[in-house]
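Read through the structure below, which is laid out as structure tokens, and then see the notes.
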Amino acid sequence: MLQETDIKFYRANGYLLVKGLLTKAEAASYREESHSLIARLGATANLDATWGSAKGISDKQTVIQHCHNVQFYCAAFTVMMTDDRFTKAASQLIGSENVQLHHNKMFIKPPEKGSPFPMHQDYPYFPHERHTMMAAIFHFDDAPLEKGCVRVMPGSHLQGPLDHSPEGGWHLPIDKYPLEAAVACPAEAGDVLFFNYLTIHGSGVNVSSEARTTLLIQMRDPEDKPTVKTHESRGQGMMLRGIDPCAVYTGL
Ligand SMILES: O=C(O)CCC(=O)C(=O)O
């Protein structure tokens with residue numbers, strides 16, 4: 001349960017780092033599930049999700065392994081996404097009793113060469129009417145600065161949607177929005193970083209000797225509708241908390 005000061009901080013700054021939402025033991029167990037899932041899937045597919053525009057940040061060959069919608073591969077993540085400690089906080093920040101999944105993605109930034117993300121808003125990927133969409137990044141291991149922790153621009157969500165370049169992943173001009181100008185959000189295993197989809201964010205290269213393992217859950221108030229039919233995926237619309245007041249039975 002968040003305090004009123006946490007919610008005020010989120011409204012003003014567009015992000016909130018919640019310390020110790022998971023215990024260290026839970027985080028370690030999800031880390032193990034994440035790495036074994038990536039090892040299983042990596043045998044059959046190229047899991048690198050490095051943005052083309054990441055080359056504008058690092059001239060080094062970098063890699064980031066990913067898996068979308070992990071609940072279809074491992075039941076432990078369904079339990080995590082519907083955990084009351086998490087969905088209560090999400091509901092308080094979204095400002096709705098009802099919290100609906102949009103999608104999720106696991107990222108493993110490997111040691112020494114984990115890919116960066118140029119600064120961007122998530123809005124251009126899946127624009128919605130009321131901007132309730134938010135991400136929660138679960139940290140399954142420690143993410144200090146040298147591991148390429150997430151960086152945010154506090155208060156940037158108040159500017160509304162900005163023009164992005166679609167080349168190599170929707171991103172803001174790299175020279176105008178350098179990563180170094182943003183506030184680093186170093187985190188420990190078990191911490192969860194929440195941020196609105198209008199909050200400008202990115203992350204640096206993992207130059208450390210250990211992997212950075214995270215799961216990003218993107219979610220919304222089910223009454224906030226997309227303005228463009230895009231970025232649809234398996235599992236979209238699953239209720240994480242409460243009910244979907246707009247649901248129409250389709251029989252599917
Ligand atoms: O995990 C990170 O370092 C950032 C991910 C991100 O910005 C995104 O997926 O939009």
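Convention: chains lettered A, B, ... in structure tokens order; per-chain residue numbering from 1; ligands numbered from 1 as shown.
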
**Message:** Give me, as a PyMOL selection string, the set of residues whose atoms come within 9 Å of any atom of ligand 1, counting only C-alpha atoms and all ligand atoms.
**Reply:** chain A and resi 105-109+115-122+135+137+148-151+197+200-205+212-216

**Asked** Using the chain letters and numbers from this document, which residues of region 99-155 of chain A does DSSP assign to strand (DSSP E or B), as a ChimeraX atom specification?
**Response** /A:99-109,114,117-120,128,134-139,143,150-152

Would you give me, as CSV, each residue of region 102-122 of chain A having an atom within 10 Å of an atom of region 231-236 of chain A, along with its shortest atom pair and that distance in Å to one decimal, using only C-alpha atoms and sorting by chain and residue number?
```
residue,atom,partner,partner_atom,distance
A:His102,CA,A:Gln236,CA,4.8
A:His103,CA,A:Gln236,CA,5.9
A:Asn104,CA,A:Gly235,CA,9.3
```

**Asked** Quick one: residues within 8 Å of Glu188 (chain A), only C-alpha atoms counted, chain neighbours fewer than 2 positions away excluded, as a VMD selection string?
**Response** chain A and resid 19 to 20 139 to 144 186 190 to 191

Given the selection you just returned, output its residues as a file containing N, CA and C atoms, formatted as a CSV table (one decimal), in the first residue's frame.
```csv
chain,number,residue,atom,x,y,z
A,19,LYS,N,10.7,0.5,-3.2
A,19,LYS,CA,11.7,-0.4,-2.6
A,19,LYS,C,11.2,-1.7,-2.1
A,20,GLY,N,11.8,-2.8,-2.3
A,20,GLY,CA,11.5,-4.0,-1.7
A,20,GLY,C,10.1,-4.5,-1.8
A,139,HIS,N,12.7,-5.5,-10.8
A,139,HIS,CA,14.2,-5.8,-10.8
A,139,HIS,C,14.4,-7.2,-10.1
A,140,PHE,N,15.0,-8.1,-10.8
A,140,PHE,CA,15.2,-9.4,-10.3
A,140,PHE,C,16.7,-9.6,-9.8
A,141,ASP,N,17.5,-8.6,-10.2
A,141,ASP,CA,18.9,-8.5,-9.6
A,141,ASP,C,19.2,-7.0,-9.4
A,142,ASP,N,20.3,-6.7,-8.7
A,142,ASP,CA,20.6,-5.3,-8.5
A,142,ASP,C,20.9,-4.6,-9.9
A,143,ALA,N,20.4,-3.4,-10.0
A,143,ALA,CA,20.7,-2.6,-11.2
A,143,ALA,C,21.3,-1.3,-10.9
A,144,PRO,N,22.6,-1.3,-10.5
A,144,PRO,CA,23.3,0.0,-10.3
A,144,PRO,C,23.6,0.7,-11.6
A,186,PRO,N,19.0,3.8,-9.9
A,186,PRO,CA,19.6,2.6,-9.5
A,186,PRO,C,18.6,1.8,-8.6
A,190,GLY,N,14.2,-6.9,-6.2
A,190,GLY,CA,13.0,-6.7,-5.4
A,190,GLY,C,12.3,-5.4,-5.6
A,191,ASP,N,13.1,-4.4,-6.1
A,191,ASP,CA,12.5,-3.0,-6.2
A,191,ASP,C,11.7,-3.0,-7.5
```

**Request:** Output as a ChimeraX atom specification all residues of region 20-75 of chain A that backbone DSSP marks as alpha helix (DSSP H).
**Result:** /A:24-42

**Asked** Which distance in Å separates CA of Ser29 (chain A) and CA of Ala75 (chain A), to one decimal?
**Response**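 So the answer is 12.8 Å.
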
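Picture a line from CA of Leu22 (chain A) to CA of Gly114 (chain A); it runs 24.1 Å.
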
**Request:** Find the residues near region 36-52 of chain A: any atom within 8 Å, counting only C-alpha atoms, skip ones fewer than 4 places away on the same chain, and give them as a list in words.
**Result:** Glu32, Thr62, Val63, Ile64, Gln65, His66, Cys67, Tyr73, Cys74, Ser115, Pro116, Phe117, Glu167, Gly168 and Gly169 of chain A

**Point-to-point distance from CA of Val207 (chain A) to CA of Ala54 (chain A), Å rounded to tenths** =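 For CA of Val207 (chain A) relative to CA of Ala54 (chain A), the distance reads 14.7 Å.
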
**Message:** My list of candidates is A:Met239, A:Met134, A:Val99, A:Val79. Which is closest to Leu16 (chain A) when distances are computed with only C-alpha atoms?
**Reply:**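 Closest to Leu16 (chain A) of all the choices is A:Met134.
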